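> Here you go, this is input_33.json (JSON, C-alpha atoms).
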```json
[["chain", "number", "residue", "atom", "x", "y", "z"],
["A", 1, "MET", "CA", 77.48, 97.04, 114.23],
["A", 2, "ILE", "CA", 80.27, 94.76, 115.43],
["A", 3, "ILE", "CA", 82.04, 95.77, 118.65],
["A", 4, "ILE", "CA", 85.61, 94.46, 118.73],
["A", 5, "PRO", "CA", 87.76, 94.72, 121.88],
["A", 6, "ALA", "CA", 91.43, 95.38, 121.15],
["A", 7, "ILE", "CA", 94.42, 93.70, 122.72],
["A", 8, "ASP", "CA", 97.70, 95.39, 121.82],
["A", 9, "LEU", "CA", 100.71, 93.21, 122.60],
["A", 10, "LYS", "CA", 104.09, 94.57, 123.65],
["A", 11, "ASP", "CA", 106.68, 92.37, 125.32],
["A", 12, "GLY", "CA", 103.96, 89.81, 126.00],
["A", 13, "ARG", "CA", 101.74, 92.26, 127.88],
["A", 14, "CYS", "CA", 98.47, 93.98, 127.09],
["A", 15, "VAL", "CA", 99.16, 97.69, 126.59],
["A", 16, "ARG", "CA", 97.82, 100.87, 125.02],
["A", 17, "LEU", "CA", 99.87, 103.56, 123.35],
["A", 18, "ALA", "CA", 98.97, 107.25, 123.29],
["A", 19, "GLN", "CA", 98.83, 108.46, 119.68],
["A", 20, "GLY", "CA", 100.95, 105.50, 118.60],
["A", 21, "ASP", "CA", 103.92, 106.70, 120.65],
["A", 22, "PHE", "CA", 105.98, 103.74, 121.88],
["A", 23, "GLU", "CA", 107.37, 105.97, 124.63],
["A", 24, "ARG", "CA", 103.86, 106.61, 126.02],
["A", 25, "VAL", "CA", 102.84, 103.12, 127.05],
["A", 26, "THR", "CA", 100.25, 102.09, 129.63],
["A", 27, "VAL", "CA", 100.28, 98.45, 130.70],
["A", 28, "TYR", "CA", 96.79, 97.13, 131.46],
["A", 29, "ALA", "CA", 97.46, 93.43, 131.94],
["A", 30, "ASP", "CA", 100.37, 91.03, 132.18],
["A", 31, "ASP", "CA", 98.30, 88.13, 130.84],
["A", 32, "PRO", "CA", 96.84, 88.82, 127.38],
["A", 33, "VAL", "CA", 95.29, 85.35, 127.22],
["A", 34, "ALA", "CA", 93.28, 86.02, 130.37],
["A", 35, "MET", "CA", 92.28, 89.39, 128.93],
["A", 36, "ALA", "CA", 91.01, 87.75, 125.75],
["A", 37, "CYS", "CA", 88.98, 85.31, 127.85],
["A", 38, "HIS", "CA", 87.58, 88.23, 129.84],
["A", 39, "TRP", "CA", 86.34, 90.02, 126.72],
["A", 40, "GLN", "CA", 84.81, 86.80, 125.45],
["A", 41, "GLU", "CA", 83.01, 86.31, 128.76],
["A", 42, "GLN", "CA", 81.72, 89.89, 128.52],
["A", 43, "GLY", "CA", 80.10, 89.06, 125.19],
["A", 44, "ALA", "CA", 82.71, 89.93, 122.55],
["A", 45, "GLU", "CA", 82.01, 88.28, 119.21],
["A", 46, "ARG", "CA", 85.45, 89.04, 117.79],
["A", 47, "ILE", "CA", 88.84, 90.06, 119.19],
["A", 48, "HIS", "CA", 91.38, 92.40, 117.61],
["A", 49, "LEU", "CA", 95.05, 91.61, 118.27],
["A", 50, "VAL", "CA", 98.00, 93.82, 117.35],
["A", 51, "ASP", "CA", 101.61, 92.72, 117.65],
["A", 52, "LEU", "CA", 103.15, 96.12, 118.38],
["A", 53, "ASP", "CA", 106.67, 94.75, 118.58],
["A", 54, "GLY", "CA", 106.12, 93.02, 115.25],
["A", 55, "SER", "CA", 104.88, 96.21, 113.62],
["A", 56, "LEU", "CA", 108.24, 97.86, 114.31],
["A", 57, "ALA", "CA", 110.38, 94.82, 113.53],
["A", 58, "GLY", "CA", 108.53, 93.85, 110.34],
["A", 59, "SER", "CA", 107.97, 90.28, 111.54],
["A", 60, "PRO", "CA", 105.90, 88.63, 114.32],
["A", 61, "LYS", "CA", 107.27, 88.98, 117.84],
["A", 62, "ASN", "CA", 104.31, 87.90, 119.98],
["A", 63, "GLY", "CA", 103.29, 84.84, 117.98],
["A", 64, "ASP", "CA", 103.26, 82.48, 120.96],
["A", 65, "TYR", "CA", 100.78, 84.68, 122.83],
["A", 66, "ILE", "CA", 98.61, 85.03, 119.74],
["A", 67, "ARG", "CA", 98.61, 81.27, 119.23],
["A", 68, "GLU", "CA", 97.56, 80.70, 122.84],
["A", 69, "ILE", "CA", 94.77, 83.28, 122.59],
["A", 70, "VAL", "CA", 93.41, 81.68, 119.43],
["A", 71, "ARG", "CA", 93.62, 78.25, 121.04],
["A", 72, "THR", "CA", 91.86, 79.40, 124.20],
["A", 73, "VAL", "CA", 88.95, 81.53, 123.00],
["A", 74, "SER", "CA", 86.12, 80.36, 120.76],
["A", 75, "VAL", "CA", 85.36, 83.70, 119.09],
["A", 76, "PRO", "CA", 87.15, 84.66, 115.84],
["A", 77, "VAL", "CA", 90.37, 86.64, 116.05],
["A", 78, "GLN", "CA", 91.89, 89.19, 113.67],
["A", 79, "VAL", "CA", 95.62, 89.96, 113.85],
["A", 80, "GLY", "CA", 97.83, 92.77, 112.61],
["A", 81, "GLY", "CA", 101.39, 93.94, 113.15],
["A", 82, "GLY", "CA", 104.48, 92.84, 111.26],
["A", 83, "ILE", "CA", 102.73, 90.79, 108.59],
["A", 84, "ARG", "CA", 104.87, 91.39, 105.50],
["A", 85, "ASN", "CA", 105.04, 88.04, 103.67],
["A", 86, "GLN", "CA", 102.92, 85.07, 102.68],
["A", 87, "ALA", "CA", 104.62, 82.68, 105.09],
["A", 88, "THR", "CA", 103.46, 84.79, 108.04],
["A", 89, "ILE", "CA", 99.92, 84.91, 106.68],
["A", 90, "GLU", "CA", 99.85, 81.15, 106.22],
["A", 91, "SER", "CA", 101.25, 80.62, 109.72],
["A", 92, "TYR", "CA", 98.54, 82.77, 111.30],
["A", 93, "LEU", "CA", 95.72, 81.23, 109.30],
["A", 94, "ALA", "CA", 97.01, 77.73, 110.10],
["A", 95, "MET", "CA", 96.92, 78.44, 113.83],
["A", 96, "GLY", "CA", 93.29, 79.51, 113.56],
["A", 97, "VAL", "CA", 93.43, 83.28, 113.06],
["A", 98, "ARG", "CA", 90.33, 84.24, 111.03],
["A", 99, "TRP", "CA", 91.62, 87.46, 109.45],
["A", 100, "VAL", "CA", 95.05, 89.03, 108.99],
["A", 101, "ILE", "CA", 95.51, 92.79, 108.77],
["A", 102, "LEU", "CA", 97.95, 94.30, 106.29],
["A", 103, "GLY", "CA", 99.08, 97.90, 106.66],
["A", 104, "THR", "CA", 102.69, 98.67, 105.82],
["A", 105, "ALA", "CA", 102.76, 95.97, 103.14],
["A", 106, "ALA", "CA", 99.68, 97.49, 101.50],
["A", 107, "LEU", "CA", 101.58, 100.69, 100.86],
["A", 108, "ARG", "CA", 104.98, 99.26, 99.99],
["A", 109, "ASP", "CA", 104.19, 96.04, 98.15],
["A", 110, "ALA", "CA", 100.92, 96.27, 96.21],
["A", 111, "PRO", "CA", 101.61, 93.19, 94.00],
["A", 112, "PHE", "CA", 102.08, 91.04, 97.11],
["A", 113, "VAL", "CA", 98.92, 92.34, 98.76],
["A", 114, "ARG", "CA", 96.83, 91.86, 95.62],
["A", 115, "ALA", "CA", 98.16, 88.32, 95.27],
["A", 116, "VAL", "CA", 97.31, 87.32, 98.84],
["A", 117, "CYS", "CA", 93.89, 88.98, 98.61],
["A", 118, "ARG", "CA", 93.16, 86.64, 95.71],
["A", 119, "ALA", "CA", 94.75, 83.61, 97.38],
["A", 120, "TYR", "CA", 92.92, 84.14, 100.69],
["A", 121, "GLU", "CA", 89.78, 85.91, 99.59],
["A", 122, "GLY", "CA", 87.77, 87.25, 102.49],
["A", 123, "ARG", "CA", 90.60, 86.66, 104.96],
["A", 124, "ILE", "CA", 92.61, 89.86, 104.40],
["A", 125, "ILE", "CA", 91.80, 93.16, 106.11],
["A", 126, "LEU", "CA", 93.37, 96.42, 104.97],
["A", 127, "GLY", "CA", 94.65, 98.47, 107.90],
["A", 128, "ILE", "CA", 94.87, 102.21, 107.23],
["A", 129, "ASP", "CA", 96.47, 104.29, 109.95],
["A", 130, "ALA", "CA", 96.56, 108.02, 109.31],
["A", 131, "ASP", "CA", 98.06, 111.08, 110.95],
["A", 132, "ASP", "CA", 96.80, 114.48, 109.78],
["A", 133, "GLY", "CA", 95.28, 112.95, 106.67],
["A", 134, "LYS", "CA", 98.35, 110.98, 105.58],
["A", 135, "VAL", "CA", 98.98, 107.25, 105.91],
["A", 136, "ALA", "CA", 101.60, 106.20, 108.47],
["A", 137, "VAL", "CA", 103.44, 102.87, 108.36],
["A", 138, "GLN", "CA", 106.07, 100.83, 110.18],
["A", 139, "GLY", "CA", 104.27, 100.87, 113.50],
["A", 140, "TRP", "CA", 103.15, 104.47, 112.88],
["A", 141, "THR", "CA", 106.75, 105.68, 112.97],
["A", 142, "GLU", "CA", 106.90, 106.75, 109.30],
["A", 143, "GLU", "CA", 104.47, 109.17, 107.70],
["A", 144, "THR", "CA", 103.90, 109.06, 103.94],
["A", 145, "SER", "CA", 102.37, 111.39, 101.36],
["A", 146, "THR", "CA", 99.56, 108.94, 100.57],
["A", 147, "SER", "CA", 96.01, 109.75, 101.64],
["A", 148, "PRO", "CA", 93.76, 107.09, 103.24],
["A", 149, "SER", "CA", 91.26, 107.27, 100.37],
["A", 150, "GLU", "CA", 94.02, 106.78, 97.81],
["A", 151, "LEU", "CA", 95.33, 103.69, 99.59],
["A", 152, "ALA", "CA", 91.83, 102.25, 99.99],
["A", 153, "SER", "CA", 91.05, 102.75, 96.31],
["A", 154, "ARG", "CA", 94.01, 100.60, 95.28],
["A", 155, "TYR", "CA", 92.39, 97.52, 96.79],
["A", 156, "GLU", "CA", 88.64, 98.09, 96.61],
["A", 157, "GLN", "CA", 88.23, 95.39, 93.95],
["A", 158, "GLU", "CA", 90.57, 92.85, 95.54],
["A", 159, "GLY", "CA", 88.20, 90.89, 97.77],
["A", 160, "LEU", "CA", 89.12, 92.45, 101.11],
["A", 161, "ALA", "CA", 87.21, 91.30, 104.17],
["A", 162, "ALA", "CA", 87.16, 94.85, 105.55],
["A", 163, "ILE", "CA", 89.09, 98.08, 106.00],
["A", 164, "ILE", "CA", 90.11, 99.22, 109.48],
["A", 165, "TYR", "CA", 90.80, 102.94, 109.75],
["A", 166, "THR", "CA", 92.65, 104.52, 112.67],
["A", 167, "ASP", "CA", 93.11, 108.22, 113.32],
["A", 168, "ILE", "CA", 96.46, 108.15, 115.10],
["A", 169, "ARG", "CA", 96.07, 111.52, 116.80],
["A", 170, "ARG", "CA", 92.90, 110.30, 118.51],
["A", 171, "ASP", "CA", 94.09, 106.78, 119.25],
["A", 172, "GLY", "CA", 94.49, 106.12, 122.95],
["A", 173, "MET", "CA", 93.41, 109.66, 123.83],
["A", 174, "GLY", "CA", 89.82, 108.89, 124.85],
["A", 175, "SER", "CA", 88.34, 111.20, 122.22],
["A", 176, "GLY", "CA", 87.04, 108.57, 119.82],
["A", 177, "GLY", "CA", 88.06, 107.97, 116.22],
["A", 178, "GLY", "CA", 91.13, 105.87, 116.87],
["A", 179, "GLY", "CA", 89.04, 102.89, 117.85],
["A", 180, "GLY", "CA", 85.56, 103.87, 118.92],
["A", 181, "GLY", "CA", 85.44, 105.16, 122.47],
["A", 182, "GLY", "CA", 85.18, 108.85, 123.07],
["A", 183, "GLY", "CA", 82.59, 110.78, 124.97],
["A", 184, "GLY", "CA", 78.94, 109.82, 124.78],
["A", 185, "GLY", "CA", 79.39, 106.08, 125.10],
["A", 186, "GLY", "CA", 76.66, 104.18, 123.29],
["A", 187, "ALA", "CA", 75.24, 107.32, 121.68],
["A", 188, "ARG", "CA", 78.57, 107.96, 120.02],
["A", 189, "LEU", "CA", 78.56, 104.43, 118.61],
["A", 190, "LYS", "CA", 75.15, 105.03, 117.01],
["A", 191, "GLU", "CA", 76.48, 108.21, 115.40],
["A", 192, "ILE", "CA", 79.38, 106.25, 113.94],
["A", 193, "GLU", "CA", 77.05, 103.56, 112.63],
["A", 194, "ALA", "CA", 74.91, 106.18, 110.92],
["A", 195, "CYS", "CA", 77.97, 107.16, 108.89],
["A", 196, "GLY", "CA", 78.10, 103.68, 107.38],
["A", 197, "VAL", "CA", 80.68, 102.12, 109.69],
["A", 198, "VAL", "CA", 79.95, 98.42, 110.23],
["A", 199, "GLY", "CA", 82.18, 97.87, 113.24],
["A", 200, "VAL", "CA", 84.46, 99.56, 115.75],
["A", 201, "VAL", "CA", 87.63, 98.45, 117.46],
["A", 202, "ILE", "CA", 87.63, 99.73, 121.04],
["A", 203, "GLY", "CA", 90.69, 99.82, 123.25],
["A", 204, "LYS", "CA", 91.39, 102.44, 125.87],
["A", 205, "ALA", "CA", 87.73, 103.27, 126.51],
["A", 206, "LEU", "CA", 87.23, 99.69, 127.70],
["A", 207, "TYR", "CA", 90.44, 99.48, 129.71],
["A", 208, "ALA", "CA", 89.96, 102.87, 131.36],
["A", 209, "GLY", "CA", 86.35, 102.09, 132.21],
["A", 210, "THR", "CA", 84.80, 105.02, 130.34],
["A", 211, "LEU", "CA", 82.77, 102.57, 128.26],
["A", 212, "SER", "CA", 81.81, 99.05, 129.22],
["A", 213, "LEU", "CA", 81.75, 96.31, 126.63],
["A", 214, "LYS", "CA", 78.21, 95.36, 127.65],
["A", 215, "GLU", "CA", 77.09, 98.97, 127.16],
["A", 216, "ALA", "CA", 78.71, 99.09, 123.75],
["A", 217, "LEU", "CA", 77.17, 95.78, 122.71],
["A", 218, "SER", "CA", 73.77, 96.90, 123.90],
["A", 219, "ALA", "CA", 74.04, 100.16, 121.97],
["A", 220, "ALA", "CA", 75.13, 98.33, 118.85],
["A", 221, "ALA", "CA", 72.25, 95.88, 119.11],
["A", 222, "GLY", "CA", 69.69, 98.62, 119.70]]
```
What's the structure tokens form of this structure?


Amino acid sequence: MIIIPAIDLKDGRCVRLAQGDFERVTVYADDPVAMACHWQEQGAERIHLVDLDGSLAGSPKNGDYIREIVRTVSVPVQVGGGIRNQATIESYLAMGVRWVILGTAALRDAPFVRAVCRAYEGRIILGIDADDGKVAVQGWTEETSTSPSELASRYEQEGLAAIIYTDIRRDGMGSGGGGGGGGGGGARLKEIEACGVVGVVIGKALYAGTLSLKEALSAAAG
């Protein structure tokens, strides 16, 4: 199992939201580049970046910070948030981002997503964020009538690198399922792996200290 520390960017700072609510923000660091270096030093093999401002605006808003993180760390980086056109994808890949995550676009513009999946095979990740069993888009501010399984099925033959699933109601609440924290630490990670999950994105559990990255890595390796 791959353990992936998350860095959520808002106004150039490393934050976490509670249940995707932009009014419930906790700032954990003013220097996201230093935070990325910290996770790399702790053994991270991949880093997950989300441009929260971009997810609302529909276009990148923290690109300079993302570029500096990619330039500074040696581990691969995956990026989501506000990626709605091919020019943005090309810009991220050109700066060294390994994978781009498409969420809102996957629901609203299937022809575009299928086209870029073919053009950049193995470099596109489908991001599915759900609230009460329905996909949410536009930075989690708009709920739809589409189920996660329905959205996933649209792209299962399109050469995706992976699918990242987030349960919005659990995200940032310390109960697991949004990323991969929750009670039980390493034992919980093994339970998730047994369900067929190949990796987890962990955010608040790491920042709040309820799960250490080294503990998670050790559990995943064992």

> Taking only C-alpha atoms into account, name the residue in A:Asp131, A:Glu90, A:Glu23, A:Asp51 that is nearest to Ala6 (chain A).

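The answer is A:Asp51, which sits nearest to Ala6 (chain A).
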
> Pick from A:Tyr28, A:Tyr165, A:Trp99, A:Tyr65: nearest to Arg123 (chain A), with only C-alpha atoms counted?

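Distance minimum relative to Arg123 (chain A) lands on A:Trp99.
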
> For region 73-82 of chain A, work out the shell of residues within 6 Å, counting only C-alpha atoms and skipping chain neighbours fewer than 4 positions away, then give it as a count of residues only.

18

> Pull the neighbourhood of (101.5, 106.3, 118.5) for me: all residues within 9 Å in file coordinates, counting all atoms listed in the file, as a list in words.

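These residues have at least one counted atom within 9 Å: Leu17, Ala18, Gln19, Gly20, Asp21, Phe22, Glu23, Arg24, Gly139, Trp140, Thr141, Ile168, Arg169, Asp171 and Gly172 of chain A.
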
> Hey, can you check how far CA of Gly209 (chain A) sits from CA of Pro5 (chain A)?

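It comes out at 12.8 Å.
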
> So how many Å separate CA of Gln86 (chain A) and CA of Val201 (chain A), to one decimal?

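CA of Val201 (chain A) lies at a distance of 25.1 Å from CA of Gln86 (chain A).
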